[in-house]
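Below is query28.csv, holding CSV, C-alpha atoms and all ligand atoms.
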chain,number,residue,atom,x,y,z
A,1,MET,CA,-18.2,-43.0,7.0
A,2,SER,CA,-14.7,-41.5,6.7
A,3,ARG,CA,-13.3,-39.2,9.3
A,4,ARG,CA,-13.1,-36.5,6.7
A,5,LYS,CA,-16.7,-36.9,5.7
A,6,LEU,CA,-17.7,-36.7,9.4
A,7,THR,CA,-16.0,-33.3,9.8
A,8,GLU,CA,-17.8,-32.0,6.7
A,9,ARG,CA,-21.1,-33.1,8.1
A,10,GLN,CA,-20.3,-31.5,11.4
A,11,SER,CA,-19.5,-28.1,9.8
A,12,ALA,CA,-22.7,-28.4,7.7
A,13,LEU,CA,-24.7,-29.0,10.9
A,14,ILE,CA,-23.1,-25.9,12.5
A,15,LYS,CA,-24.0,-23.8,9.5
A,16,GLN,CA,-27.5,-25.2,9.6
A,17,ARG,CA,-27.8,-24.2,13.3
A,18,GLN,CA,-26.6,-20.7,12.6
A,19,GLN,CA,-29.0,-20.4,9.7
A,20,SER,CA,-32.0,-21.4,11.8
A,21,ARG,CA,-30.8,-19.0,14.4
A,22,ILE,CA,-31.2,-16.2,11.9
A,23,GLN,CA,-34.5,-17.4,10.6
A,24,ARG,CA,-36.0,-17.7,14.1
A,25,ARG,CA,-35.0,-14.2,15.0
A,26,SER,CA,-38.4,-12.6,14.6
A,27,ARG,CA,-40.3,-14.9,16.9
A,28,PRO,CA,-42.7,-13.3,19.4
A,29,ALA,CA,-41.5,-12.8,23.0
A,30,GLY,CA,-41.5,-15.5,25.6
A,31,LYS,CA,-44.5,-16.0,28.0
A,32,ASP,CA,-42.7,-14.1,30.7
A,33,THR,CA,-42.4,-10.8,28.7
A,34,ASP,CA,-45.2,-8.3,29.0
A,35,GLU,CA,-45.2,-7.0,25.5
A,36,SER,CA,-47.3,-4.0,26.4
A,37,LEU,CA,-44.5,-2.6,28.6
A,38,LEU,CA,-41.9,-2.7,25.8
A,39,GLY,CA,-41.1,0.3,23.6
A,40,PRO,CA,-40.8,0.2,19.8
A,41,GLU,CA,-38.1,-1.9,18.1
A,42,GLN,CA,-34.9,0.0,17.6
A,43,ASN,CA,-31.4,-0.8,16.2
A,44,GLY,CA,-28.5,-1.4,18.4
A,45,VAL,CA,-25.0,-2.9,18.5
A,46,VAL,CA,-23.8,-5.3,21.2
A,47,VAL,CA,-20.8,-3.6,23.0
A,48,ALA,CA,-20.3,-6.1,25.9
A,49,ASN,CA,-21.7,-9.4,27.0
A,50,HIS,CA,-21.9,-10.1,30.7
A,51,GLY,CA,-23.5,-13.6,30.4
A,52,ALA,CA,-27.2,-13.0,31.4
A,53,ASN,CA,-27.0,-9.3,30.3
A,54,LEU,CA,-25.8,-7.5,27.2
A,55,GLN,CA,-24.8,-3.9,26.9
A,56,VAL,CA,-26.5,-2.6,23.7
A,57,GLU,CA,-25.6,0.7,22.2
A,58,ARG,CA,-28.1,3.0,20.6
A,59,ASP,CA,-27.2,5.1,17.5
A,60,ASP,CA,-26.4,8.1,19.7
A,61,HIS,CA,-23.8,5.8,21.5
A,62,SER,CA,-25.7,5.7,24.8
A,63,VAL,CA,-25.9,2.2,26.3
A,64,ALA,CA,-28.7,0.1,27.6
A,65,THR,CA,-28.6,-3.1,29.6
A,66,CYS,CA,-30.6,-5.8,27.8
A,67,THR,CA,-31.7,-9.4,28.2
A,68,VAL,CA,-32.0,-11.6,25.2
A,69,ARG,CA,-34.8,-13.8,23.9
A,70,GLN,CA,-33.6,-17.4,24.3
A,71,ASN,CA,-34.2,-18.4,20.7
A,72,LEU,CA,-31.5,-15.9,19.5
A,73,GLY,CA,-28.6,-18.0,20.9
A,74,ASP,CA,-25.4,-16.4,22.1
A,75,LEU,CA,-24.9,-12.8,21.1
A,76,VAL,CA,-21.4,-11.3,21.0
A,77,CYS,CA,-19.6,-8.0,20.6
A,78,GLY,CA,-20.2,-6.5,17.2
A,79,ASP,CA,-23.6,-8.1,16.7
A,80,ARG,CA,-26.2,-5.8,15.2
A,81,VAL,CA,-29.6,-6.3,16.8
A,82,LEU,CA,-33.2,-5.0,17.1
A,83,TRP,CA,-34.2,-4.4,20.7
A,84,ARG,CA,-37.0,-2.9,22.7
A,85,ALA,CA,-36.7,-0.7,25.8
A,86,GLY,CA,-38.4,-2.1,29.0
A,87,PRO,CA,-39.2,-0.8,32.5
A,88,ASP,CA,-36.1,-2.4,34.0
A,89,SER,CA,-33.9,-3.5,31.1
A,90,GLY,CA,-34.4,-3.8,27.4
A,91,VAL,CA,-35.0,-7.0,25.4
A,92,VAL,CA,-33.1,-8.0,22.3
A,93,VAL,CA,-35.7,-9.3,19.9
A,94,ALA,CA,-33.8,-9.9,16.7
A,95,LEU,CA,-30.3,-10.5,15.4
A,96,TYR,CA,-29.2,-9.2,12.0
A,97,PRO,CA,-27.2,-11.7,9.9
A,98,ARG,CA,-23.5,-11.5,10.6
A,99,ASP,CA,-21.1,-10.7,7.8
A,100,THR,CA,-18.2,-12.3,9.6
A,101,GLU,CA,-17.7,-14.2,12.9
A,102,LEU,CA,-14.5,-15.3,14.7
A,103,VAL,CA,-15.1,-18.8,16.0
A,104,ARG,CA,-13.2,-21.0,18.5
A,105,THR,CA,-14.1,-24.0,20.5
A,106,ASP,CA,-13.7,-24.4,24.3
A,107,VAL,CA,-12.0,-27.3,26.0
A,108,ARG,CA,-15.2,-29.3,25.8
A,109,GLY,CA,-15.4,-28.8,22.1
A,110,THR,CA,-18.4,-26.4,22.3
A,111,VAL,CA,-18.3,-23.8,19.5
A,112,GLN,CA,-18.0,-20.3,20.7
A,113,ILE,CA,-18.3,-17.1,18.7
A,114,VAL,CA,-15.7,-14.6,19.9
A,115,ALA,CA,-16.9,-11.5,18.0
A,116,ALA,CA,-19.1,-10.7,15.0
A,117,ASN,CA,-19.0,-8.3,12.0
A,118,ILE,CA,-15.3,-7.6,12.2
A,119,ASP,CA,-12.9,-6.9,9.3
A,120,ARG,CA,-9.5,-6.9,11.1
A,121,ILE,CA,-8.0,-9.2,13.7
A,122,PHE,CA,-5.0,-7.7,15.4
A,123,VAL,CA,-3.1,-10.7,16.8
A,124,VAL,CA,-0.8,-9.4,19.6
A,125,ILE,CA,2.3,-11.3,20.6
A,126,ALA,CA,5.1,-10.1,22.9
A,127,PRO,CA,8.5,-11.3,24.3
A,128,VAL,CA,6.8,-11.5,27.7
A,129,PRO,CA,4.8,-13.3,29.0
A,130,GLU,CA,5.5,-15.9,26.3
A,131,VAL,CA,5.7,-16.2,22.6
A,132,SER,CA,3.6,-19.0,21.0
A,133,THR,CA,3.9,-19.2,17.3
A,134,ASN,CA,1.4,-22.1,17.3
A,135,LEU,CA,-1.2,-19.8,18.9
A,136,LEU,CA,-0.4,-17.1,16.3
A,137,ASP,CA,-0.8,-19.7,13.5
A,138,ASN,CA,-4.1,-20.9,14.8
A,139,TYR,CA,-5.4,-17.3,14.9
A,140,LEU,CA,-4.2,-16.8,11.3
A,141,VAL,CA,-6.0,-20.0,10.2
A,142,ALA,CA,-9.2,-18.8,11.9
A,143,ALA,CA,-8.8,-15.4,10.2
A,144,GLU,CA,-8.3,-17.0,6.8
A,145,LEU,CA,-11.3,-19.2,7.2
A,146,SER,CA,-13.6,-16.4,8.3
A,147,ARG,CA,-12.2,-14.0,5.6
A,148,ILE,CA,-11.1,-11.5,8.1
A,149,THR,CA,-7.7,-9.8,7.5
A,150,PRO,CA,-5.2,-10.5,10.2
A,151,VAL,CA,-2.5,-8.1,11.3
A,152,ILE,CA,0.4,-9.2,13.6
A,153,LEU,CA,1.4,-6.8,16.3
A,154,VAL,CA,4.6,-7.5,18.2
A,155,ASN,CA,4.1,-5.5,21.3
A,156,LYS,CA,6.7,-4.6,24.1
A,157,SER,CA,9.4,-4.2,21.4
A,158,ASP,CA,11.1,-2.0,24.0
A,159,VAL,CA,12.1,-5.1,25.9
A,160,ILE,CA,13.4,-6.9,22.8
A,161,GLY,CA,17.2,-6.7,23.4
A,162,THR,CA,19.7,-6.1,20.6
A,163,ASP,CA,20.9,-9.6,21.0
A,164,VAL,CA,17.6,-11.1,20.0
A,165,ARG,CA,16.3,-8.4,17.7
A,166,GLU,CA,17.6,-10.2,14.6
A,167,SER,CA,16.0,-13.5,15.5
A,168,TRP,CA,12.7,-11.7,16.1
A,169,GLN,CA,12.9,-10.0,12.7
A,170,SER,CA,13.7,-13.3,10.9
A,171,ALA,CA,10.8,-15.1,12.7
A,172,MET,CA,8.5,-12.3,11.6
A,173,ASP,CA,9.8,-12.3,8.1
A,174,VAL,CA,8.3,-15.8,7.7
A,175,TYR,CA,4.9,-14.1,8.2
A,176,ARG,CA,5.7,-11.2,6.0
A,177,ARG,CA,6.6,-13.6,3.2
A,178,CYS,CA,3.2,-15.1,3.6
A,179,GLY,CA,1.8,-11.7,2.9
A,180,TYR,CA,0.8,-10.7,6.5
A,181,ALA,CA,1.5,-7.2,7.8
A,182,VAL,CA,3.7,-7.3,10.9
A,183,HIS,CA,4.3,-4.2,13.1
A,184,PHE,CA,6.7,-3.9,16.0
A,185,VAL,CA,5.0,-1.6,18.6
A,186,SER,CA,5.5,-0.6,22.2
A,187,THR,CA,3.0,1.2,24.4
A,188,ARG,CA,6.1,2.8,26.1
A,189,ASP,CA,7.0,4.6,22.8
A,190,PRO,CA,5.6,8.2,22.8
A,191,ASN,CA,4.8,7.9,19.1
A,192,SER,CA,2.8,4.7,19.5
A,193,ALA,CA,-0.5,6.5,19.8
A,194,ASP,CA,-0.2,7.9,16.2
A,195,GLN,CA,1.1,4.6,14.8
A,196,LEU,CA,-1.7,2.6,16.5
A,197,SER,CA,-4.4,5.1,15.5
A,198,GLN,CA,-3.4,4.8,11.9
A,199,LEU,CA,-3.5,1.0,12.1
A,200,PHE,CA,-6.9,0.8,13.9
A,201,SER,CA,-8.8,3.7,12.4
A,202,GLY,CA,-11.7,3.0,10.1
A,203,HIS,CA,-11.9,-0.7,10.8
A,204,ARG,CA,-14.2,-2.9,12.8
A,205,ALA,CA,-11.4,-4.7,14.6
A,206,ILE,CA,-10.6,-7.0,17.5
A,207,VAL,CA,-7.4,-7.4,19.5
A,208,VAL,CA,-6.6,-11.0,20.5
A,209,GLY,CA,-3.7,-12.9,22.0
A,210,HIS,CA,-2.2,-14.4,25.1
A,211,SER,CA,-3.1,-12.8,28.4
A,212,GLY,CA,-0.6,-10.1,29.4
A,213,VAL,CA,0.8,-9.3,26.0
A,214,GLY,CA,-0.6,-5.8,26.3
A,215,LYS,CA,-3.9,-5.8,24.3
A,216,SER,CA,-5.7,-3.4,26.7
A,217,SER,CA,-2.6,-1.3,27.0
A,218,LEU,CA,-2.5,-0.8,23.3
A,219,LEU,CA,-6.2,0.3,23.3
A,220,ARG,CA,-5.5,2.7,26.2
A,221,ARG,CA,-3.0,4.5,23.9
A,222,VAL,CA,-5.6,5.3,21.3
A,223,LEU,CA,-8.6,5.8,23.7
A,224,PRO,CA,-7.2,8.2,26.3
A,225,GLY,CA,-10.6,9.1,27.7
A,226,GLN,CA,-11.7,5.5,28.4
A,227,GLU,CA,-11.2,3.6,31.7
A,228,ILE,CA,-9.5,0.4,30.5
A,229,ALA,CA,-8.0,-1.9,33.1
A,230,VAL,CA,-4.5,-3.0,32.5
A,231,GLY,CA,-2.8,-5.8,34.5
A,232,GLU,CA,0.6,-6.8,35.8
A,233,VAL,CA,2.7,-9.6,34.3
A,234,SER,CA,3.7,-11.8,37.3
A,235,VAL,CA,7.4,-12.6,37.9
A,236,ALA,CA,6.7,-16.1,36.7
A,237,GLY,CA,5.8,-14.6,33.4
A,238,LEU,CA,2.2,-15.6,33.3
A,239,GLY,CA,-0.5,-13.1,32.4
A,240,LYS,CA,-3.3,-12.8,35.0
A,241,HIS,CA,-6.4,-12.4,32.7
A,242,THR,CA,-7.1,-8.8,33.6
A,243,THR,CA,-9.8,-8.3,30.9
A,244,THR,CA,-12.6,-10.7,31.6
A,245,VAL,CA,-15.2,-9.8,29.0
A,246,ALA,CA,-14.9,-8.5,25.4
A,247,ARG,CA,-15.8,-4.9,25.0
A,248,LEU,CA,-16.3,-2.7,22.0
A,249,TYR,CA,-14.8,0.8,21.9
A,250,HIS,CA,-15.4,3.5,19.2
A,251,LEU,CA,-12.2,5.0,17.8
A,252,PRO,CA,-11.8,8.8,17.6
A,253,GLY,CA,-10.7,8.4,13.9
A,254,GLY,CA,-13.7,6.3,13.0
A,255,GLY,CA,-14.4,2.6,13.3
A,256,HIS,CA,-14.3,0.5,16.4
A,257,ILE,CA,-12.1,-2.0,18.2
A,258,ILE,CA,-13.0,-4.9,20.5
A,259,ASP,CA,-10.7,-5.6,23.5
A,260,SER,CA,-10.9,-9.3,24.3
A,261,PRO,CA,-9.9,-11.4,27.3
A,262,GLY,CA,-6.5,-13.1,26.9
A,263,VAL,CA,-6.3,-16.8,26.1
A,264,ARG,CA,-3.8,-19.6,26.9
A,265,GLU,CA,-4.6,-21.4,23.7
A,266,PHE,CA,-6.9,-20.8,20.7
A,267,ARG,CA,-8.8,-23.9,19.6
A,268,LEU,CA,-10.1,-23.7,16.1
A,269,GLY,CA,-13.7,-24.5,15.4
A,270,TYR,CA,-14.9,-27.5,13.5
A,271,ILE,CA,-13.0,-27.4,10.3
A,272,THR,CA,-12.3,-29.9,7.5
A,273,GLU,CA,-8.9,-31.0,6.3
A,274,ASP,CA,-9.5,-28.9,3.2
A,275,GLN,CA,-10.2,-25.9,5.3
A,276,ALA,CA,-7.0,-26.5,7.3
A,277,VAL,CA,-5.0,-26.5,4.0
A,278,HIS,CA,-6.6,-23.2,3.0
A,279,GLY,CA,-5.8,-21.8,6.4
A,280,PHE,CA,-2.1,-21.8,5.5
A,281,VAL,CA,-2.0,-19.1,2.9
A,282,GLU,CA,1.5,-19.8,1.6
A,283,PHE,CA,0.4,-23.3,0.5
A,284,ARG,CA,-2.0,-21.9,-2.1
A,285,PRO,CA,0.5,-21.4,-5.1
A,286,TRP,CA,1.3,-25.1,-4.9
A,287,LEU,CA,-2.2,-26.5,-4.5
A,288,GLY,CA,-3.2,-28.8,-7.4
A,289,GLN,CA,0.4,-29.6,-8.3
A,290,CYS,CA,0.9,-32.7,-6.1
A,291,LYS,CA,1.2,-36.2,-7.7
A,292,PHE,CA,-1.9,-37.5,-5.9
A,293,ARG,CA,-5.1,-35.6,-6.2
A,294,ASP,CA,-6.1,-36.5,-2.6
A,295,CYS,CA,-2.6,-35.5,-1.3
A,296,ARG,CA,-2.8,-34.4,2.4
A,297,HIS,CA,0.7,-32.8,2.2
A,298,THR,CA,2.0,-34.7,5.1
A,299,VAL,CA,4.1,-37.7,4.0
A,300,GLU,CA,3.0,-38.4,0.4
A,301,PRO,CA,5.6,-38.8,-2.3
A,302,GLY,CA,5.5,-36.2,-5.1
A,303,CYS,CA,3.9,-33.6,-2.8
A,304,ALA,CA,4.5,-30.1,-4.2
A,305,ILE,CA,4.1,-28.5,-0.7
A,306,ARG,CA,6.6,-30.8,0.9
A,307,THR,CA,9.0,-30.0,-2.0
A,308,ALA,CA,8.4,-26.3,-1.3
A,309,VAL,CA,9.2,-27.0,2.4
A,310,ALA,CA,12.4,-28.8,1.4
A,311,ASN,CA,13.7,-26.0,-0.8
A,312,GLY,CA,12.8,-23.3,1.8
A,313,SER,CA,9.9,-21.7,0.0
A,314,ILE,CA,7.5,-22.8,2.8
A,315,ASP,CA,8.6,-22.4,6.4
A,316,GLU,CA,9.3,-25.8,7.9
A,317,ARG,CA,7.9,-25.0,11.3
A,318,ARG,CA,4.6,-23.7,9.9
A,319,HIS,CA,4.3,-26.9,7.9
A,320,ARG,CA,5.0,-29.0,11.0
A,321,HIS,CA,2.2,-27.1,12.8
A,322,TYR,CA,-0.1,-27.9,9.8
A,323,VAL,CA,0.7,-31.6,10.1
A,324,ALA,CA,0.0,-31.4,13.9
A,325,LEU,CA,-3.3,-29.8,13.2
A,326,LEU,CA,-4.3,-32.6,10.9
A,327,GLU,CA,-3.2,-35.2,13.4
A,328,GLY,CA,-5.4,-33.5,16.1
A,329,LEU,CA,-8.3,-33.6,13.7
A,330,LYS,CA,-7.7,-37.3,13.1
A,331,GLN,CA,-7.4,-38.2,16.8
A,332,GLN,CA,-10.6,-36.4,17.7
A,333,GLN,CA,-12.4,-38.1,14.8
A,334,GLY,CA,-13.5,-34.9,13.2
A,335,GLY,CA,-13.7,-32.9,16.4
A,336,PRO,CA,-12.3,-29.5,16.8
A,337,LEU,CA,-8.7,-28.9,16.0
A,338,THR,CA,-6.5,-27.9,18.8
B,1,LIG,N1,7.6,-3.1,28.7
B,1,LIG,C1,6.3,-3.0,28.2
B,1,LIG,N2,5.3,-3.4,28.9
B,1,LIG,C2,4.0,-3.3,28.4
B,1,LIG,C3,3.8,-2.8,27.1
B,1,LIG,N3,2.5,-2.9,26.9
B,1,LIG,C4,1.9,-3.4,28.0
B,1,LIG,N4,2.8,-3.6,28.9
B,1,LIG,C5,2.6,-4.2,30.3
B,1,LIG,O1,2.1,-5.5,30.2
B,1,LIG,C6,1.2,-5.8,31.3
B,1,LIG,C7,-0.1,-6.4,30.8
B,1,LIG,O2,-0.8,-5.5,30.0
B,1,LIG,P1,-2.4,-5.6,29.6
B,1,LIG,O3,-2.6,-4.5,28.7
B,1,LIG,O4,-3.2,-5.7,30.8
B,1,LIG,O5,-2.4,-7.0,28.9
B,1,LIG,P2,-3.6,-7.8,28.2
B,1,LIG,O6,-3.1,-8.4,27.0
B,1,LIG,O7,-4.8,-6.8,28.0
B,1,LIG,O8,-4.0,-8.9,29.3
B,1,LIG,P3,-5.4,-9.6,29.5
B,1,LIG,O9,-6.4,-8.6,29.7
B,1,LIG,O10,-5.2,-10.5,30.8
B,1,LIG,O11,-5.6,-10.5,28.3
B,1,LIG,C8,1.0,-4.5,32.0
B,1,LIG,O12,1.8,-4.5,33.2
B,1,LIG,C9,1.5,-3.4,31.0
B,1,LIG,O13,2.0,-2.3,31.7
B,1,LIG,C10,5.0,-2.4,26.4
B,1,LIG,O14,4.9,-2.0,25.2
B,1,LIG,N5,6.2,-2.5,26.9
B,2,MG,MG,-6.7,-6.9,28.7
B,3,ZN,ZN,0.7,-32.5,-1.4
Conversion result in structure tokens:
Amino acid sequence: MSRRKLTERQSALIKQRQQSRIQRRSRPAGKDTDESLLGPEQNGVVVANHGANLQVERDDHSVATCTVRQNLGDLVCGDRVLWRAGPDSGVVVALYPRDTELVRTDVRGTVQIVAANIDRIFVVIAPVPEVSTNLLDNYLVAAELSRITPVILVNKSDVIGTDVRESWQSAMDVYRRCGYAVHFVSTRDPNSADQLSQLFSGHRAIVVGHSGVGKSSLLRRVLPGQEIAVGEVSVAGLGKHTTTVARLYHLPGGGHIIDSPGVREFRLGYITEDQAVHGFVEFRPWLGQCKFRDCRHTVEPGCAIRTAVANGSIDERRHRHYVALLEGLKQQQGGPLT
């Protein structure tokens, strides 16, 4: 079986697993649950996941600690559930189907769902602790594949000196030309609360990015009443992972936003080569115009995408990252892309 076929099979298996998860959602409680002590089923939204326990929010925004029936799998922030109150803690008994999920894999290749039912991913980058366009590109691929609109926030613009301002702008123009919204922000700017409220309000969003780029600080600006921990960036420039669990906050202007723990890298889930191609949105106008029908857009002659790279219509560095992603896919024989 070809490597490409293998990855398609893997993604089908994952889909199947997710499907059966939904179908099994209404199974009866396990032996250890005394049904008679549980209250009636009620709707809730997962607002934090602490491993064994979930924080589930009622319609009136009050929060209950819940355990989860094992057959429901891993639940994440944004999940809509049915749960029953109990004497000590509640029990989540059913999971509503998700409309979107942001997926990654951990270092062992295990698929992890980061958040569910979101419609915006705010990818935060900053001049400190470090700028990784590969990390940004991986988030954009993940967003494209999960049909969630990404927005790029360049935070800490107060520390972007005049000498590098132009190079920042031209680096971000690459993304603007792809059609992505890019906003330069700073939590030190007194007007940032208004700017951020406008960006976040009305959405079911998540903020993601490297540790220490200021994700929690951005949320603090729009959620003044909330206690949100913010960390220090060490002299060495490395973030210290201040936020340890994802948490959902309601926005005063409507909608909600999930603060997520910072990452060092974002590994994509199991994706096919075709999906990798579609993850690079600027390739789309040229698809179907290559000389060979099965062109992988890496070294093939007569490749319309390589021609677009050569004439400057497609950014060369983004294309190089695409080639590296395919290489990673090949090396891991259909495993997760890194
Ligand atoms: N100069 C400057 N510093 C900022 C800005 N926003 C945040 N910071 C600082 O950046 C550091 C890290 O901020 P956090 O909000 O904790 O970063 P985070 O992305 O949530 O980090 P993790 O929770 O570890 O993922 C703190 O010392 C903030 O004060 C900004 O706009 N300008
Ligand atoms: Mg944080
Ligand atoms: Zn091609």
Excluding region 144-156 of chain A and residues on its chain fewer than 2 positions from it, collect all residues at most 6 Å away from it, counting only C-alpha atoms, and give them as a count of residues only. 19
Would you mind listing what lies within 7 Å of region 255-266 of chain A as a CSV table (one decimal) with C-alpha atoms, keeping the file's coordinate frame, with only C-alpha atoms counted and same-chain residues fewer than 2 positions away left out?
chain,number,residue,atom,x,y,z
A,104,ARG,CA,-13.2,-21.0,18.5
A,135,LEU,CA,-1.2,-19.8,18.9
A,138,ASN,CA,-4.1,-20.9,14.8
A,139,TYR,CA,-5.4,-17.3,14.9
A,201,SER,CA,-8.8,3.7,12.4
A,202,GLY,CA,-11.7,3.0,10.1
A,203,HIS,CA,-11.9,-0.7,10.8
A,204,ARG,CA,-14.2,-2.9,12.8
A,205,ALA,CA,-11.4,-4.7,14.6
A,206,ILE,CA,-10.6,-7.0,17.5
A,207,VAL,CA,-7.4,-7.4,19.5
A,208,VAL,CA,-6.6,-11.0,20.5
A,209,GLY,CA,-3.7,-12.9,22.0
A,210,HIS,CA,-2.2,-14.4,25.1
A,211,SER,CA,-3.1,-12.8,28.4
A,215,LYS,CA,-3.9,-5.8,24.3
A,216,SER,CA,-5.7,-3.4,26.7
A,241,HIS,CA,-6.4,-12.4,32.7
A,243,THR,CA,-9.8,-8.3,30.9
A,244,THR,CA,-12.6,-10.7,31.6
A,245,VAL,CA,-15.2,-9.8,29.0
A,246,ALA,CA,-14.9,-8.5,25.4
A,247,ARG,CA,-15.8,-4.9,25.0
A,248,LEU,CA,-16.3,-2.7,22.0
A,249,TYR,CA,-14.8,0.8,21.9
A,250,HIS,CA,-15.4,3.5,19.2
A,251,LEU,CA,-12.2,5.0,17.8
A,253,GLY,CA,-10.7,8.4,13.9
A,268,LEU,CA,-10.1,-23.7,16.1
Region 86-191 of chain A near region 317-323 of chain A within 10 Å: what's each residue's closest atom pair and its distance in Å to one decimal, counting all atoms listed in the file, ordered by chain then ascending residue number, as a tab-separated table?
residue	atom	partner	partner_atom	distance
A:Thr133	CA	A:Arg318	CA	8.7
A:Asn134	CA	A:His321	CA	6.8
A:Asp137	CA	A:Arg318	CA	7.6
A:Asn138	CA	A:His321	CA	9.1
A:Val141	CA	A:Tyr322	CA	9.9
A:Val174	CA	A:Arg318	CA	9.0
A:Tyr175	CA	A:Arg318	CA	9.8
Draw an axis-aligned box tight on the listed atoms of region 41-54 of chain A, then pad every side by 8 Å and write out centre and edge lengths in Å to one decimal as lines of an AutoDock Vina configuration file.
center_x = -29.2
center_y = -6.8
center_z = 23.8
size_x = 33.8
size_y = 29.6
size_z = 31.2
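Counting all atoms listed in the file and comparing A:Arg177, A:Gly225, A:Leu82, A:Gly231, the residue that lies closest to Ser313 (chain A) is A:Arg177.
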With all atoms listed in the file counted and 12 Å as the cut-off, give the residues of chain A in contact with ligand ZN 3 (chain B), each with its shortest interatomic distance in Å and the pair that gives it, as a Markdown table.
| residue | atom | partner | partner_atom | distance |
| --- | --- | --- | --- | --- |
| A:Asp274 | CA | B:ZN3 | ZN | 11.8 |
| A:Val277 | CA | B:ZN3 | ZN | 9.9 |
| A:Phe283 | CA | B:ZN3 | ZN | 9.4 |
| A:Arg284 | CA | B:ZN3 | ZN | 11.0 |
| A:Pro285 | CA | B:ZN3 | ZN | 11.7 |
| A:Trp286 | CA | B:ZN3 | ZN | 8.2 |
| A:Leu287 | CA | B:ZN3 | ZN | 7.3 |
| A:Gly288 | CA | B:ZN3 | ZN | 8.1 |
| A:Gln289 | CA | B:ZN3 | ZN | 7.5 |
| A:Cys290 | CA | B:ZN3 | ZN | 4.7 |
| A:Lys291 | CA | B:ZN3 | ZN | 7.3 |
| A:Phe292 | CA | B:ZN3 | ZN | 7.2 |
| A:Arg293 | CA | B:ZN3 | ZN | 8.1 |
| A:Asp294 | CA | B:ZN3 | ZN | 8.0 |
| A:Cys295 | CA | B:ZN3 | ZN | 4.5 |
| A:Arg296 | CA | B:ZN3 | ZN | 5.5 |
| A:His297 | CA | B:ZN3 | ZN | 3.6 |
| A:Thr298 | CA | B:ZN3 | ZN | 7.0 |
| A:Val299 | CA | B:ZN3 | ZN | 8.2 |
| A:Glu300 | CA | B:ZN3 | ZN | 6.6 |
| A:Pro301 | CA | B:ZN3 | ZN | 8.0 |
| A:Gly302 | CA | B:ZN3 | ZN | 7.1 |
| A:Cys303 | CA | B:ZN3 | ZN | 3.7 |
| A:Ala304 | CA | B:ZN3 | ZN | 5.3 |
| A:Ile305 | CA | B:ZN3 | ZN | 5.3 |
| A:Arg306 | CA | B:ZN3 | ZN | 6.6 |
| A:Thr307 | CA | B:ZN3 | ZN | 8.7 |
| A:Ala308 | CA | B:ZN3 | ZN | 9.9 |
| A:Val309 | CA | B:ZN3 | ZN | 10.8 |
| A:His319 | CA | B:ZN3 | ZN | 11.4 |
| A:Val323 | CA | B:ZN3 | ZN | 11.5 |
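The gap separating atom C10 of ligand LIG 1 (chain B) from CA of Gly161 (chain A) is 13.3 Å, in Å to one decimal.
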For Cys77 (chain A), list every protein, DNA or RNA residue within 9 Å, evaluated using all atoms listed in the file, and leave out those in the same chain fewer than 3 positions away; present the list as a list in words.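 My reading of the contact set: Val45, Val46, Val47, Ala48, Asn49, Arg80, Val114, Ala115, Ala116, Asn117, Ala246, Arg247, Leu248 and Ile258 of chain A.
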Take CA of Glu41 (chain A) and CA of Val81 (chain A) and report the distance between them in Å, one decimal.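 Separating CA of Glu41 (chain A) from CA of Val81 (chain A) is a distance of 9.7 Å.
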What does the structure give for the distance between CA of Asp163 (chain A) and CA of Leu199 (chain A), in Å to one decimal? 28.1 Å
So, with all atoms listed in the file as the atoms that count, which of A:Gly312, A:Gly51, A:Gly214, A:Pro190 lies closest to ligand LIG 1 (chain B)?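 Ranked by minimum distance to ligand LIG 1 (chain B), first place goes to A:Gly214.
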Which one of A:Ile160, A:Cys178, A:Ala85, A:Val92 sits closest to Thr67 (chain A) if you count only C-alpha atoms? A:Val92
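Using only C-alpha atoms and all ligand atoms, the smallest distance between any of A:Leu218, A:Ala193, A:Val281, A:Leu95 and ligand MG 2 (chain B) comes from A:Leu218.
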Residue among A:Val56, A:Leu140, A:Ile113, A:Ala229 lying closest to ligand LIG 1 (chain B), counting only C-alpha atoms and all ligand atoms: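 Among the listed residues, the smallest separation from ligand LIG 1 (chain B) belongs to A:Ala229.
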Could you check which of A:Thr187, A:Ser36, A:Gln198, A:Ser132 is closest to Ser217 (chain A), using all atoms listed in the file?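 Distance minimum relative to Ser217 (chain A) lands on A:Thr187.
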